[in-house]
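Some notes on the structure that comes next.
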Amino acid sequence: MFDVKKVSIELAGKTLTLETGRIARQADAAVLATYGETVVLCAVTAAKSVKDGQDFFPLTVHYQEKYSAAGRIPGGFFKRERGATEKETLVSRLIDRPIRPLFPEGFYNEINVIAQVLSFDGESEPDIVAMIAASAALTLSGVPFMGPIGAARVGYKDGEYQLNPSLDEVKEGDLDLVVAATQNAVMMVESEAKELSEDVMLGAVLFAHEASKKVVDAIIQLAEKAAKEPWEMAAQDDLGDLKAKLKKLIGKDIAAAYKLTDKSARSNALNEARAKAKEMFVADGLDPQMVMAGIKLTKKLEAEIVRTAILKDGQRIDGRTTTQIRPIEAMVGFLPRTHGSALFTRGETQAICTTTLGTKDAEQMIDGLGGVHYESFMLHYNFPPYSVGEVGRFGAPGRREVGHGKLAWRALHPVLPGKDEFPYTIRVLSDITESNGSSSMATVCGGSLSMMDAGVPLKRPVSGIAMGLILEGKDFAVISDILGDEDHLGDMDFKVAGTESGITTMQMDIKVAGITQEIFEVALRQAKEGRAHILGEMNKALSSTRTELSAHAPRIETIQIDKSKIRDVIGTGGKVIREIVAETGAKVDIDDEGIIKISSSDLDQIEAAKKWILGIVEEAEVGKIYTGKVVNIVDFGAFVNFMGGKDGLVHVSEMKNERVEKPTDVLSEGQEVKVKVLEIDPRGKVRLSMRVVDQETGEELEDTRPPREPREPRSDRGERGDRNRRDRGGRGGGDRGDRGPRRDRGPREDKGDDGSNAGLPDFLTQD
């Protein structure tokens with residue numbers, strides 16, 4: 001019934017299996033990829049014809065994680081997979097970026113690539129498996145795909161590279177790098193690193209490329225068994241005459257436009273040239289299909305003029321050399337009420353970056369295959385249409401905005417302080433107000449400055465730069481700090497960010513069939529020089545983290561208590577911790593390790609909550625003076641709360657150095673008093689004194705009374721049967737001091753006239 005074909009290879013100690021022919025047989029191609037116990041199904045379907053008026057390649061990649069793959073039920077009200085999560089969006093882009101350049105120019109058939117995670121073992125990250133499955137499915141489908149590509153993840157720990165490390169190994173190591181590559185060249189790089197050198201990063205890319213070649217060989221083996229007949233591409237019209245006519249008509253206009261350094265002026269001049277070309281198309285009576293071809297030829301003509309000027313003359317659009325960085329201006333403290341802010345401008349690219357500090361309850365809850373976890377660092381990137389002088393959609397972030405934000409997040413995440421050093425939730429917001437290339441790297445620079453302005457103790461400042469490439473045959477030019485047009489008309493978008501000590505992130509997208517090691521080395525070296533220059537300009541605005549937080553930021557103080565005291569602080573049903581929050585106004589968070597975070601914008605509230613908590617967990621010390629509050633008054637004294645949840649008794653004889661008839665003559669409930677701990681008995685009962693403490697200053701006074709005789713231990717007070725006959729001794733210290741004579745209460749009804757036990761039942765008077 002099933003004509004199943006499969007291949008298997010060993011990769012980093014696990015078996016990678018690619019299978020087709022059993023599942024999703026109505027798709028143009030479907031591959032089930034298994035690595036360890038992680039399983040991804042990828043199905044490819046392609047339209048057999050092109051829509052009328054189609055002038056771009058409509059490739060759509062969808063990556064989806066099924067909660068059942070990890071044996072989980074989705075959270076939320078609907079209990080099913082909904083819209084794409086941030087991770088699913090990022091992995092969809094990860095798959096799209098290396099495969100898109102491998103379709104031939106002029107192929108406009110719509111293609112869907114849908115990858116679904118069916119099983120997740122908690123070790124092998126599904127993104128690599130999904131990329132491999134997508135590459136294999138496209139190769140089998142027969143569509144004109146110039147692949148296949150392989151993919152690999154690389155870690156780095158103790159000077160050794162790790163191929164496809166587990167999730168735990170990635171967390172413990174210094175590198176998380178993903179590479180997609182053909183047999184001959186690298187197509188895409190995505191990474192996060194802990195300030196690694198250019199040599200280490202290049203070595204990781206080459207290490208991943210070698211592993212990717214094995215995957216490519218496996219896909220080719222599967223294709224030899226199961227690939228469909230390749231599609232025949234429609235013959236392309238010879239447009240040489242039309243191109244020559246266009247060049248004669250508007251070639252000089254385009255060349256003059258690209259000599260204008262101002263983006264708006266350049267755009268206006270180019271639009272005039274394009275309008276002239278469209279007028280020619282109408283005058284010549286070209287059909288709609290040929291008009292589209294003419295528009296594309298106009299864009300090609302622009303690319304040729306720009307690329308030739310850079311490659312042959314080293315002349316860039318705005319007049320810079322290939323290594324020159326645009327003028328930079330950086331400001332901090334730009335906004336008065338934010339916790340930290342920066343305005344970063346590089347040429348015609350500008351970002352307003354703000355940093356907001358929050359408490360633990362502001363962390364982002366992320367629900368995924370690995371379960372629920374919380375993220376304390378967020379970076380959000382916004383790209384409004386006015387930043388490029390256009391009208392258009394404004395609202396929720398699209399895939400591009402999510403991707404650019406994550407790139408900047410990876411650049412800054414490695415230099416953040418640990419939670420024990422800086423226990424805040426951090427949100428960086430980047431609003432792009434102008435854009436002419438490299439806005440994600442402007443976000444890195446502005447985000448770094450805004451966090452330093454907010455008082456976040458970064459290990460070191462981070463700067464970022466975008467590199468470009470012009471490649472014609474064996475001739476190439478690597479250009480620093482690319483403009484938007486150089487990105488569109490060039491062959492590479494290579495972003496590098498890091499500190500003076502090393503690289504923190506590296507992302508590369510290629511529009512040609514890969515780049516060589518030589519180009520990679522040149523780009524890394526040139527990027528290092530550019531980053532150093534940018535960092536120097538940033539240091540002019542702020543060279544180190546501010547030592548004080550903004551007056552508008554919450555303060556957080558962390559204390560560690562013994563685990564055995566956690567329940568005392570929380571109280572039954574949370575009663576105690578709720579009371580602390582309600583009374584002091586501070587937020588209190590406590591974890592299972594006994595780490596307590598107290599937060600408030602008011603330092604007095606933090607101090608009050610801290611004092612309360614320490615009062616609960618600390619043990620009272622005999623001889624120490626405390627400030628307490630009267631919580632209950634009884635006939636023989638008053639109970640004073642002097643250490644959080646601890647109460648002690650101030651006997652009426654310890655209230656003053658004079659006779660007190662009734663405790664209410666001296667005290668009232670809620671009154672604040674200063675007390676000294678006199679004694680703590682074995683049962684934890686605390687005896688306090690007010691009379692030996694100056695109630696105004698809290699200083700200890702000299703005790704003029706004779707010392708009290710210590711109580712005899714309970715075990716020495718006689719047997720239980722002798723309880724009615726034992727001598728109660730000198731309770732209160734021999735005579736009764738200034739308590740005065742015992743009041744004559746008169747004979748009790750149940751006693752004889754002599755005060756004996758006469759009149760009591762025999763069983764109560766027996767020895």
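Numbering starts fresh at 1 for the residues of each chain in the structure tokens, the chains themselves are lettered A, B, ... in the order given, and ligands are numbered from 1 as they appear.
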
Please identify all polymer residues within 9 Å of Ser601 in chain A, counting only C-alpha atoms, omitting same-chain residues fewer than 5 positions from it, and present them as an MDAnalysis selection string.
chainID A and resid 551:556 586 606

Taking only residues of range 300-333 of chain A that have an atom at most 12 Å from an atom of range 421-439 of chain A, what is each one's shortest atom pair and its distance in Å to one decimal, using only C-alpha atoms, in chain and number order, as CSV?
```
residue,atom,partner,partner_atom,distance
A:Ile317,CA,A:Asn436,CA,11.9
A:Asp318,CA,A:Asn436,CA,11.4
A:Ile325,CA,A:Ser438,CA,11.7
A:Arg326,CA,A:Gly437,CA,11.0
```

In terms of only C-alpha atoms, the residue from A:Gly498, A:Gly536, A:Pro101, A:Pro148 at minimal distance from Ile220 in chain A is A:Pro148

Quote the spacing between CA of Asp28 in chain A and CA of Tyr63 in chain A in Å to one decimal place.
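Interatomic distance here is 17.7 Å.
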
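Residue nearest Leu297 in chain A within the list A:Val189, A:Leu239, A:Val200, A:Ile132: A:Leu239 [criterion: smallest interatomic distance, only C-alpha atoms].
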
For CA of Val569 in chain A and CA of Asp420 in chain A, the interatomic separation in Å (one decimal):
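Pair CA of Val569 in chain A / CA of Asp420 in chain A returns 20.7 Å.
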
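Within range 158-265 of chain A, DSSP run on the backbone puts these residues in strand (DSSP E): Glu160, Tyr161, Gln162, Leu163, Leu175, Asp176, Leu177, Val178, Val179, Ala180, Ala181, Val186, Met187, Met188, Val189, Glu190, Ser191, Glu192 and Ala193 of chain A.
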
Just write the chosen residues, N, CA, C and O atoms, as an mmCIF file, in the first residue's frame.
```
data_model
loop_
_atom_site.group_PDB
_atom_site.id
_atom_site.type_symbol
_atom_site.label_atom_id
_atom_site.label_comp_id
_atom_site.auth_asym_id
_atom_site.auth_seq_id
_atom_site.Cartn_x
_atom_site.Cartn_y
_atom_site.Cartn_z
ATOM 1 N N GLU A 160 36.009 23.531 22.928
ATOM 2 C CA GLU A 160 35.630 22.481 21.984
ATOM 3 C C GLU A 160 34.281 22.809 21.352
ATOM 4 O O GLU A 160 33.361 23.281 22.020
ATOM 5 N N TYR A 161 34.180 22.532 20.045
ATOM 6 C CA TYR A 161 32.899 22.701 19.361
ATOM 7 C C TYR A 161 32.022 21.481 19.624
ATOM 8 O O TYR A 161 32.499 20.347 19.697
ATOM 9 N N GLN A 162 30.713 21.729 19.740
ATOM 10 C CA GLN A 162 29.739 20.657 19.956
ATOM 11 C C GLN A 162 28.740 20.677 18.804
ATOM 12 O O GLN A 162 28.161 21.717 18.507
ATOM 13 N N LEU A 163 28.545 19.528 18.160
ATOM 14 C CA LEU A 163 27.604 19.432 17.050
ATOM 15 C C LEU A 163 26.226 19.056 17.582
ATOM 16 O O LEU A 163 26.080 18.075 18.320
ATOM 17 N N LEU A 175 28.109 29.341 23.208
ATOM 18 C CA LEU A 175 27.690 29.628 21.834
ATOM 19 C C LEU A 175 26.447 28.829 21.474
ATOM 20 O O LEU A 175 26.294 27.671 21.866
ATOM 21 N N ASP A 176 25.555 29.490 20.736
ATOM 22 C CA ASP A 176 24.415 28.821 20.107
ATOM 23 C C ASP A 176 24.352 29.342 18.682
ATOM 24 O O ASP A 176 23.862 30.441 18.424
ATOM 25 N N LEU A 177 24.875 28.552 17.741
ATOM 26 C CA LEU A 177 25.012 28.991 16.356
ATOM 27 C C LEU A 177 24.317 28.006 15.429
ATOM 28 O O LEU A 177 24.494 26.791 15.556
ATOM 29 N N VAL A 178 23.521 28.535 14.499
ATOM 30 C CA VAL A 178 22.811 27.720 13.514
ATOM 31 C C VAL A 178 23.302 28.110 12.130
ATOM 32 O O VAL A 178 23.392 29.302 11.806
ATOM 33 N N VAL A 179 23.625 27.109 11.320
ATOM 34 C CA VAL A 179 24.122 27.335 9.958
ATOM 35 C C VAL A 179 23.299 26.508 8.983
ATOM 36 O O VAL A 179 22.977 25.344 9.258
ATOM 37 N N ALA A 180 22.950 27.120 7.855
ATOM 38 C CA ALA A 180 22.362 26.384 6.734
ATOM 39 C C ALA A 180 23.293 26.565 5.547
ATOM 40 O O ALA A 180 23.777 27.671 5.284
ATOM 41 N N ALA A 181 23.557 25.476 4.828
ATOM 42 C CA ALA A 181 24.548 25.554 3.753
ATOM 43 C C ALA A 181 24.262 24.520 2.677
ATOM 44 O O ALA A 181 23.692 23.460 2.937
ATOM 45 N N VAL A 186 28.092 28.488 2.429
ATOM 46 C CA VAL A 186 27.186 28.822 3.531
ATOM 47 C C VAL A 186 26.115 29.776 3.026
ATOM 48 O O VAL A 186 26.401 30.743 2.316
ATOM 49 N N MET A 187 24.856 29.520 3.410
ATOM 50 C CA MET A 187 23.731 30.348 2.974
ATOM 51 C C MET A 187 23.186 31.235 4.089
ATOM 52 O O MET A 187 22.683 32.323 3.825
ATOM 53 N N MET A 188 23.234 30.768 5.336
ATOM 54 C CA MET A 188 22.607 31.506 6.424
ATOM 55 C C MET A 188 23.304 31.187 7.737
ATOM 56 O O MET A 188 23.701 30.049 7.986
ATOM 57 N N VAL A 189 23.469 32.209 8.578
ATOM 58 C CA VAL A 189 24.047 32.049 9.915
ATOM 59 C C VAL A 189 23.174 32.803 10.906
ATOM 60 O O VAL A 189 22.738 33.922 10.639
ATOM 61 N N GLU A 190 22.909 32.196 12.031
ATOM 62 C CA GLU A 190 22.168 32.831 13.136
ATOM 63 C C GLU A 190 22.855 32.411 14.420
ATOM 64 O O GLU A 190 23.171 31.228 14.595
ATOM 65 N N SER A 191 23.118 33.354 15.338
ATOM 66 C CA SER A 191 23.894 32.953 16.512
ATOM 67 C C SER A 191 23.690 33.874 17.698
ATOM 68 O O SER A 191 23.238 35.015 17.565
ATOM 69 N N GLU A 192 24.043 33.339 18.864
ATOM 70 C CA GLU A 192 24.210 34.108 20.099
ATOM 71 C C GLU A 192 25.463 33.584 20.774
ATOM 72 O O GLU A 192 25.638 32.364 20.898
ATOM 73 N N ALA A 193 26.356 34.496 21.183
ATOM 74 C CA ALA A 193 27.652 34.080 21.726
ATOM 75 C C ALA A 193 28.010 34.924 22.938
ATOM 76 O O ALA A 193 27.560 36.059 23.074
#
```

Between A:Val630, A:Ile250, A:Ala277, A:Leu549, which is the closest to Leu357 in chain A once you count only C-alpha atoms?
A:Leu549

So that each row is one residue of range 563-654 of chain A with an atom at most 10 Å from range 662-665 of chain A, can you give its shortest atom pair and the distance in Å to one decimal, using only C-alpha atoms, rows by chain and rising number, as a Markdown table?
```
| residue | atom | partner | partner_atom | distance |
| --- | --- | --- | --- | --- |
| A:Ile633 | CA | A:Pro663 | CA | 7.0 |
| A:Val634 | CA | A:Pro663 | CA | 7.4 |
| A:Asp635 | CA | A:Pro663 | CA | 6.9 |
| A:Phe636 | CA | A:Pro663 | CA | 7.2 |
| A:Gly637 | CA | A:Pro663 | CA | 5.6 |
| A:Ala638 | CA | A:Pro663 | CA | 6.9 |
| A:Val650 | CA | A:Pro663 | CA | 9.5 |
| A:His651 | CA | A:Pro663 | CA | 8.6 |
| A:Val652 | CA | A:Pro663 | CA | 5.9 |
| A:Ser653 | CA | A:Pro663 | CA | 9.3 |
```

With only C-alpha atoms as the counted atoms, please give the residues lying no more than 12 Å from Ile616 in chain A, apart from itself and same-chain residues fewer than 4 positions off, as a PyMOL selection string.
chain A and resi 561-562+564-571+576-577+580+609-612+620+641-647

Would you mind reading off the distance between CA of Gly155 in chain A and CA of Thr34 in chain A, one decimal, in Å?
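Straight-line distance from CA of Gly155 in chain A to CA of Thr34 in chain A works out to 20.9 Å.
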
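Comparing A:Val675, A:Ala523, A:Ala30, A:Val686 by their smallest distance to Gly698 in chain A, the closest is A:Val675 (using only C-alpha atoms).
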
Helix (DSSP H, G or I) residues, from DSSP on the backbone, in range 351-458 of chain A, as a ChimeraX atom specification
/A:360-362,385-388,399-415,439-454

Residue selection dump (N, CA and C atoms) as a short mmCIF file (atom, residue, chain, number, x, y, z; two decimals), in the first residue's frame:
```
data_model
loop_
_atom_site.label_atom_id
_atom_site.label_comp_id
_atom_site.auth_asym_id
_atom_site.auth_seq_id
_atom_site.Cartn_x
_atom_site.Cartn_y
_atom_site.Cartn_z
N LYS A 360 9.45 41.04 39.55
CA LYS A 360 9.32 39.66 39.07
C LYS A 360 7.96 39.40 38.43
N ASP A 361 6.91 40.05 38.95
CA ASP A 361 5.59 39.78 38.39
C ASP A 361 5.41 40.38 37.00
N ALA A 362 6.41 41.12 36.50
CA ALA A 362 6.35 41.66 35.14
C ALA A 362 7.04 40.74 34.14
N PRO A 385 5.55 52.95 9.38
CA PRO A 385 5.77 53.30 7.96
C PRO A 385 6.38 54.68 7.77
N TYR A 386 6.15 55.62 8.72
CA TYR A 386 6.72 56.95 8.52
C TYR A 386 8.24 56.95 8.58
N SER A 387 8.83 55.89 9.13
CA SER A 387 10.29 55.84 9.23
C SER A 387 10.96 55.77 7.87
N VAL A 388 10.22 55.37 6.84
CA VAL A 388 10.75 55.36 5.47
C VAL A 388 9.95 56.28 4.57
N ARG A 399 6.33 39.65 10.91
CA ARG A 399 7.44 38.70 11.05
C ARG A 399 8.80 39.41 11.05
N ARG A 400 8.94 40.42 10.20
CA ARG A 400 10.22 41.13 10.12
C ARG A 400 10.54 41.82 11.44
N GLU A 401 9.54 42.46 12.04
CA GLU A 401 9.76 43.16 13.30
C GLU A 401 10.11 42.19 14.43
N VAL A 402 9.44 41.05 14.45
CA VAL A 402 9.76 40.04 15.46
C VAL A 402 11.19 39.55 15.27
N GLY A 403 11.59 39.31 14.02
CA GLY A 403 12.94 38.83 13.74
C GLY A 403 14.01 39.84 14.10
N HIS A 404 13.81 41.11 13.74
CA HIS A 404 14.80 42.14 14.06
C HIS A 404 14.91 42.34 15.57
N GLY A 405 13.78 42.27 16.27
CA GLY A 405 13.81 42.40 17.73
C GLY A 405 14.58 41.27 18.38
N LYS A 406 14.39 40.05 17.87
CA LYS A 406 15.10 38.91 18.45
C LYS A 406 16.60 38.99 18.17
N LEU A 407 16.98 39.49 17.01
CA LEU A 407 18.39 39.66 16.70
C LEU A 407 19.04 40.62 17.70
N ALA A 408 18.40 41.75 17.97
CA ALA A 408 18.93 42.70 18.95
C ALA A 408 18.93 42.09 20.34
N TRP A 409 17.92 41.28 20.66
CA TRP A 409 17.86 40.59 21.96
C TRP A 409 19.08 39.69 22.13
N ARG A 410 19.41 38.93 21.07
CA ARG A 410 20.57 38.04 21.15
C ARG A 410 21.87 38.81 21.33
N ALA A 411 21.94 40.00 20.76
CA ALA A 411 23.15 40.81 20.87
C ALA A 411 23.37 41.31 22.30
N LEU A 412 22.29 41.64 22.99
CA LEU A 412 22.39 42.25 24.32
C LEU A 412 22.29 41.25 25.45
N HIS A 413 21.63 40.13 25.23
CA HIS A 413 21.40 39.16 26.29
C HIS A 413 22.69 38.64 26.95
N PRO A 414 23.76 38.36 26.20
CA PRO A 414 24.96 37.81 26.85
C PRO A 414 25.66 38.76 27.82
N VAL A 415 25.40 40.07 27.76
CA VAL A 415 26.12 41.00 28.64
C VAL A 415 25.27 41.44 29.83
N SER A 439 18.67 49.14 10.75
CA SER A 439 17.92 49.62 11.91
C SER A 439 18.01 48.64 13.09
N SER A 440 18.21 47.35 12.81
CA SER A 440 18.35 46.40 13.91
C SER A 440 19.64 46.65 14.69
N MET A 441 20.70 47.05 13.98
CA MET A 441 21.96 47.35 14.67
C MET A 441 21.89 48.69 15.41
N ALA A 442 21.08 49.63 14.89
CA ALA A 442 20.82 50.86 15.64
C ALA A 442 20.08 50.53 16.93
N THR A 443 19.21 49.52 16.88
CA THR A 443 18.51 49.06 18.08
C THR A 443 19.48 48.50 19.10
N VAL A 444 20.48 47.74 18.63
CA VAL A 444 21.49 47.20 19.54
C VAL A 444 22.24 48.33 20.24
N CYS A 445 22.70 49.32 19.47
CA CYS A 445 23.48 50.43 20.05
C CYS A 445 22.61 51.26 20.99
N GLY A 446 21.40 51.63 20.53
CA GLY A 446 20.50 52.42 21.37
C GLY A 446 20.03 51.65 22.58
N GLY A 447 19.77 50.35 22.42
CA GLY A 447 19.33 49.54 23.55
C GLY A 447 20.40 49.42 24.62
N SER A 448 21.66 49.26 24.19
CA SER A 448 22.77 49.20 25.13
C SER A 448 22.88 50.50 25.93
N LEU A 449 22.79 51.64 25.24
CA LEU A 449 22.90 52.94 25.91
C LEU A 449 21.72 53.18 26.85
N SER A 450 20.52 52.80 26.43
CA SER A 450 19.35 53.06 27.29
C SER A 450 19.40 52.22 28.56
N MET A 451 19.90 50.98 28.47
CA MET A 451 20.04 50.16 29.68
C MET A 451 21.10 50.73 30.62
N MET A 452 22.19 51.20 30.05
CA MET A 452 23.22 51.83 30.88
C MET A 452 22.68 53.10 31.54
N ASP A 453 21.85 53.84 30.81
CA ASP A 453 21.23 55.04 31.35
C ASP A 453 20.26 54.70 32.48
N ALA A 454 19.64 53.52 32.40
CA ALA A 454 18.71 53.09 33.44
C ALA A 454 19.41 52.50 34.66
#
```

Neighbour list for Ile295 in chain A as an MDAnalysis selection string, cut-off 10 Å, only C-alpha atoms, skip fewer than 6 positions in-chain
chainID A and resid 55 246 274 277:278 281 301

Close residues, Lys540 in chain A itself excluded, 9 Å, only C-alpha atoms, min 5 positions apart in chain, as a PyMOL selection string:
chain A and resi 330-331+535

Using only C-alpha atoms: which of A:Thr355, A:Gly648, A:Glu500, A:Ala29 has the shortest distance to Glu229 in chain A:
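Smallest separation from Glu229 in chain A among the options: A:Ala29.
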